[in-house]
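Colleague: My file is input-v8.csv. It has CSV, C-alpha atoms:
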chain,number,residue,atom,x,y,z
A,1,LEU,CA,-20.1,-44.4,256.0
A,2,GLY,CA,-18.8,-40.9,255.5
A,3,ILE,CA,-16.1,-38.4,256.0
A,4,GLY,CA,-16.3,-34.9,257.4
A,5,TYR,CA,-14.3,-31.8,258.4
A,6,ASN,CA,-14.6,-30.4,261.9
A,7,ARG,CA,-13.3,-27.1,263.3
A,8,HIS,CA,-13.2,-25.4,266.7
A,9,ASP,CA,-12.5,-21.7,266.8
A,10,ASN,CA,-14.7,-20.1,269.5
A,11,ASN,CA,-12.4,-17.1,270.1
A,12,LEU,CA,-10.8,-18.6,273.2
A,13,THR,CA,-7.6,-16.6,273.8
A,14,ARG,CA,-4.4,-16.9,275.8
A,15,THR,CA,-1.2,-15.1,275.9
A,16,VAL,CA,1.4,-16.9,273.8
A,17,TYR,CA,5.2,-16.2,274.1
A,18,PHE,CA,7.5,-16.4,271.1
A,19,THR,CA,10.7,-15.0,269.5
A,20,ASN,CA,9.8,-12.4,267.0
A,21,SER,CA,11.4,-11.7,263.6
A,22,VAL,CA,14.2,-9.5,265.1
A,23,GLY,CA,15.1,-12.3,267.7
A,24,GLU,CA,13.5,-10.7,270.7
A,25,SER,CA,11.1,-12.3,273.2
A,26,ASP,CA,7.6,-11.2,272.5
A,27,SER,CA,4.0,-12.1,273.4
A,28,ALA,CA,0.6,-11.8,271.8
A,29,ASN,CA,-3.0,-12.9,272.3
A,30,GLY,CA,-3.3,-16.3,270.7
A,31,GLU,CA,-6.6,-17.8,269.6
A,32,LEU,CA,-7.2,-21.5,270.3
A,33,ARG,CA,-7.7,-23.5,267.0
A,34,MET,CA,-8.5,-27.1,266.4
A,35,ASP,CA,-9.4,-28.8,263.1
A,36,TYR,CA,-9.6,-32.4,262.0
A,37,VAL,CA,-10.9,-34.7,259.3
A,38,ALA,CA,-13.1,-37.5,260.6
A,39,TRP,CA,-14.3,-40.8,259.2
A,40,TYR,CA,-17.6,-42.1,260.6
A,41,ALA,CA,-20.2,-44.8,260.4
A,42,ARG,CA,-23.9,-44.2,261.0
A,43,TYR,CA,-26.5,-46.9,261.6
A,44,VAL,CA,-30.2,-46.2,261.0
A,45,PHE,CA,-32.2,-48.2,263.5
A,46,TYR,CA,-35.7,-46.6,263.0
A,47,ARG,CA,-37.2,-45.0,259.9
A,48,LYS,CA,-40.9,-44.0,259.6
A,49,GLY,CA,-42.4,-41.4,257.3
A,50,ARG,CA,-40.2,-38.3,257.3
A,51,TRP,CA,-38.3,-39.3,260.4
A,52,LYS,CA,-35.0,-41.2,260.7
A,53,PHE,CA,-33.2,-42.1,263.9
A,54,SER,CA,-29.6,-43.4,263.9
A,55,VAL,CA,-26.6,-44.0,266.1
A,56,ILE,CA,-23.1,-43.0,265.3
A,57,PRO,CA,-21.1,-45.8,266.8
A,58,PHE,CA,-17.8,-44.2,265.9
A,59,GLN,CA,-16.2,-41.1,264.4
A,60,LEU,CA,-12.4,-41.1,264.3
A,61,GLY,CA,-10.7,-37.9,263.5
A,62,ILE,CA,-7.1,-36.9,262.8
A,63,GLY,CA,-6.0,-33.3,262.8
A,64,ARG,CA,-4.1,-30.6,264.8
A,65,SER,CA,-4.6,-28.0,267.5
A,66,SER,CA,-2.6,-24.8,268.0
A,67,TYR,CA,-2.7,-21.1,269.0
A,68,MET,CA,-2.9,-18.6,266.2
A,69,HIS,CA,-1.7,-15.0,266.6
A,70,MET,CA,-0.8,-12.2,264.2
A,71,GLU,CA,2.8,-11.1,263.7
A,72,ASN,CA,3.7,-8.5,261.0
A,73,GLN,CA,0.3,-8.8,259.4
A,74,GLN,CA,0.6,-12.6,259.1
A,75,LYS,CA,-1.1,-15.5,260.9
A,76,VAL,CA,1.4,-17.5,262.9
A,77,PHE,CA,0.6,-20.8,264.5
A,78,SER,CA,2.4,-21.9,267.7
A,79,ASP,CA,2.3,-25.2,269.6
A,80,ARG,CA,0.8,-26.9,266.5
A,81,LYS,CA,0.6,-30.7,267.2
A,82,LEU,CA,-1.2,-33.8,266.0
A,83,ILE,CA,-4.4,-34.8,267.7
A,84,ILE,CA,-6.6,-37.9,267.4
A,85,VAL,CA,-10.3,-37.6,268.3
A,86,TYR,CA,-13.0,-40.2,268.9
A,87,GLU,CA,-16.7,-39.3,268.9
A,88,THR,CA,-19.9,-41.2,269.3
A,89,GLY,CA,-23.5,-40.1,269.4
A,90,PHE,CA,-27.2,-40.2,268.4
A,91,SER,CA,-28.8,-38.5,265.3
A,92,ILE,CA,-32.3,-37.5,264.3
A,93,SER,CA,-33.3,-36.2,260.9
A,94,CYS,CA,-36.5,-35.1,259.3
A,95,ARG,CA,-37.2,-34.9,255.5
A,96,ILE,CA,-39.0,-31.5,254.9
A,97,TRP,CA,-39.3,-31.8,251.1
A,98,LYS,CA,-38.4,-34.5,248.7
A,99,TRP,CA,-34.9,-33.0,248.2
A,100,LEU,CA,-34.2,-31.3,251.6
A,101,GLY,CA,-34.2,-32.2,255.3
A,102,VAL,CA,-32.8,-31.1,258.6
A,103,GLY,CA,-31.0,-33.0,261.3
A,104,SER,CA,-29.3,-32.9,264.7
A,105,ASP,CA,-26.5,-34.9,266.3
A,106,VAL,CA,-25.9,-35.2,270.0
A,107,GLY,CA,-22.9,-37.0,271.4
A,108,VAL,CA,-19.5,-36.9,273.2
A,109,ARG,CA,-16.0,-36.2,272.1
A,110,TRP,CA,-12.9,-37.8,273.6
A,111,MET,CA,-9.3,-36.9,272.8
A,112,VAL,CA,-7.4,-40.2,272.1
A,113,LYS,CA,-4.2,-38.1,271.7
A,114,ASP,CA,-4.3,-34.5,272.7
A,115,ASN,CA,-1.8,-31.7,272.3
A,116,PRO,CA,0.4,-31.6,275.4
A,117,ALA,CA,1.3,-27.9,274.7
A,118,ILE,CA,-2.3,-26.8,275.1
A,119,PRO,CA,-3.8,-27.0,278.6
A,120,GLU,CA,-7.4,-26.8,277.4
A,121,LYS,CA,-9.0,-30.2,277.1
A,122,PHE,CA,-11.5,-30.9,274.3
A,123,ASN,CA,-13.3,-33.8,275.9
A,124,SER,CA,-16.8,-32.6,276.0
A,125,PRO,CA,-20.5,-33.2,275.1
A,126,GLN,CA,-21.3,-31.9,271.6
A,127,TYR,CA,-24.2,-31.1,269.4
A,128,ALA,CA,-24.7,-30.1,265.7
A,129,PHE,CA,-27.6,-28.9,263.6
A,130,TYR,CA,-27.4,-29.4,259.8
A,131,ALA,CA,-29.3,-29.5,256.5
A,132,VAL,CA,-29.5,-32.6,254.5
A,133,ILE,CA,-29.6,-32.5,250.7
A,134,TYR,CA,-30.9,-35.7,249.0
A,135,TRP,CA,-28.7,-35.7,245.9
A,136,THR,CA,-30.1,-38.9,244.5
A,137,GLU,CA,-33.6,-37.4,244.5
A,138,ILE,CA,-32.3,-34.3,242.7
A,139,ILE,CA,-30.6,-36.5,240.1
A,140,ARG,CA,-33.7,-38.6,239.6
A,141,ALA,CA,-35.7,-35.4,239.0
A,142,VAL,CA,-33.2,-34.0,236.5
A,143,ALA,CA,-32.3,-37.3,234.8
A,144,PRO,CA,-35.1,-39.9,235.5
A,145,LYS,CA,-33.6,-42.6,233.3
A,146,ASN,CA,-30.1,-42.4,234.9
A,147,LYS,CA,-29.0,-46.1,235.5
A,148,PHE,CA,-26.4,-45.1,238.0
A,149,VAL,CA,-29.0,-43.6,240.4
A,150,ASP,CA,-31.2,-46.8,240.1
A,151,ARG,CA,-28.3,-48.8,241.6
A,152,LEU,CA,-28.1,-46.6,244.7
Let me see the structure of the file written as structure tokens.
Modeller:
Amino acid sequence: LGIGYNRHDNNLTRTVYFTNSVGESDSANGELRMDYVAWYARYVFYRKGRWKFSVIPFQLGIGRSSYMHMENQQKVFSDRKLIIVYETGFSISCRIWKWLGVGSDVGVRWMVKDNPAIPEKFNSPQYAFYAVIYWTEIIRAVAPKNKFVDRL
């Protein structure tokens, strides 16, 4: 089980219309933003040597999406609304050293609740590459008689 933070900001732009600080209609280039906190479960179904294969049966995220533009040297977010995201996928990781590994996730993302003010849809295949730090191994090396680590 775990928790993570996800963010999408790939410089996708669109003209956004708003009322500026003097009450006039104005427009600017708005950058599409999406960020959410996600809770997930991961099940390891195969482990051999340095390799570990697992499935991510669910990852449920809650966050927001919006367009960001600059107005008077300040970031302004328009059409900011709640989103709910569901993801599932497959994961492979390899332990390179005792304390460090690398991994990759491949899966799909579905918007359970999307932002109706944003026409772009975030349903898509996805992938991620990451480093894995084995904190318990580091603690064991630094404090070999630590009783808390023995319980993990």
Colleague: Could you name the residues that touch A:Thr13 at 8 Å or less, counting all atoms listed in the file, but leaving out those on the same chain fewer than 6 positions away, as a count of residues only?
Modeller: 4
Colleague: For a quick check of understanding, using only C-alpha atoms, which of A:Lys147, A:Lys81, A:His69, A:Arg95 has the smallest distance to A:Asp26?
Modeller: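 Ranking A:Lys147, A:Lys81, A:His69, A:Arg95 by distance to A:Asp26, first place goes to A:His69.
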Colleague: Just want the 12 Å neighbourhood of A:Ala28, counted on all atoms listed in the file, with same-chain residues fewer than 5 positions away dropped. Output as an MDAnalysis selection string.
Modeller: chainID A and resid 13:20 67:72 75:78
Colleague: Sort by chain and increasing residue number a table of all residues of stretch 36-92 of chain A within 7 Å of stretch 96-118 of chain A, each with its closest pair of atoms and their distance in Å to one decimal, counting all atoms listed in the file, and write it as JSON lines.
Modeller:
{"residue": "A:Ser65", "atom": "CA", "partner": "A:Asn115", "partner_atom": "CA", "distance": 6.7}
{"residue": "A:Asp79", "atom": "CA", "partner": "A:Ala117", "partner_atom": "CA", "distance": 5.9}
{"residue": "A:Lys81", "atom": "CA", "partner": "A:Asn115", "partner_atom": "CA", "distance": 5.7}
{"residue": "A:Leu82", "atom": "CA", "partner": "A:Asn115", "partner_atom": "CA", "distance": 6.7}
{"residue": "A:Ile83", "atom": "CA", "partner": "A:Asp114", "partner_atom": "CA", "distance": 5.0}
{"residue": "A:Ile84", "atom": "CA", "partner": "A:Lys113", "partner_atom": "CA", "distance": 4.9}
{"residue": "A:Val85", "atom": "CA", "partner": "A:Met111", "partner_atom": "CA", "distance": 4.7}
{"residue": "A:Tyr86", "atom": "CA", "partner": "A:Trp110", "partner_atom": "CA", "distance": 5.3}
{"residue": "A:Glu87", "atom": "CA", "partner": "A:Arg109", "partner_atom": "CA", "distance": 4.5}
{"residue": "A:Thr88", "atom": "CA", "partner": "A:Gly107", "partner_atom": "CA", "distance": 5.6}
{"residue": "A:Gly89", "atom": "CA", "partner": "A:Gly107", "partner_atom": "CA", "distance": 3.7}
{"residue": "A:Phe90", "atom": "CA", "partner": "A:Val106", "partner_atom": "CA", "distance": 5.4}
{"residue": "A:Ser91", "atom": "CA", "partner": "A:Asp105", "partner_atom": "CA", "distance": 4.4}
{"residue": "A:Ile92", "atom": "CA", "partner": "A:Ser104", "partner_atom": "CA", "distance": 5.5}
Colleague: So the first atom is atom CA of A:Val37 and the second is atom CA of A:Gly61; what is the distance between them in Å, to one decimal place?
Modeller: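 Straight-line distance from atom CA of A:Val37 to atom CA of A:Gly61 works out to 5.3 Å.
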Colleague: Calculate how many Å separate atom CA of A:Lys121 from atom CA of A:Phe58, rounding to one decimal.
Modeller: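 These two atoms are separated by 20.0 Å.
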Colleague: Nearest residue to A:Gly4 out of A:Ile62, A:Met34, A:Tyr43, A:Trp51, using only C-alpha atoms?
Modeller: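 Checking each of A:Ile62, A:Met34, A:Tyr43, A:Trp51 against A:Gly4, counting only C-alpha atoms, the winner is A:Ile62.
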Colleague: Contacts of A:Arg7 at 8 Å or less, counting all atoms listed in the file, minus same-chain residues fewer than 3 places along, as a list in words?
Modeller: Arg33, Met34, Asp35 and Tyr36 of chain A
Colleague: Record the distance separating atom CA of A:Gly49 and atom CA of A:Ala131, expressed in Å with one decimal.
Modeller: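 Separating atom CA of A:Gly49 from atom CA of A:Ala131 is a distance of 17.7 Å.
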Colleague: Under the rule that all atoms listed in the file are counted, which of A:Phe129, A:Asn146, A:His8, A:Lys48 is the nearest residue to A:Arg64?
Modeller: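 Answer, going by the shortest atom-to-atom distance: A:His8.
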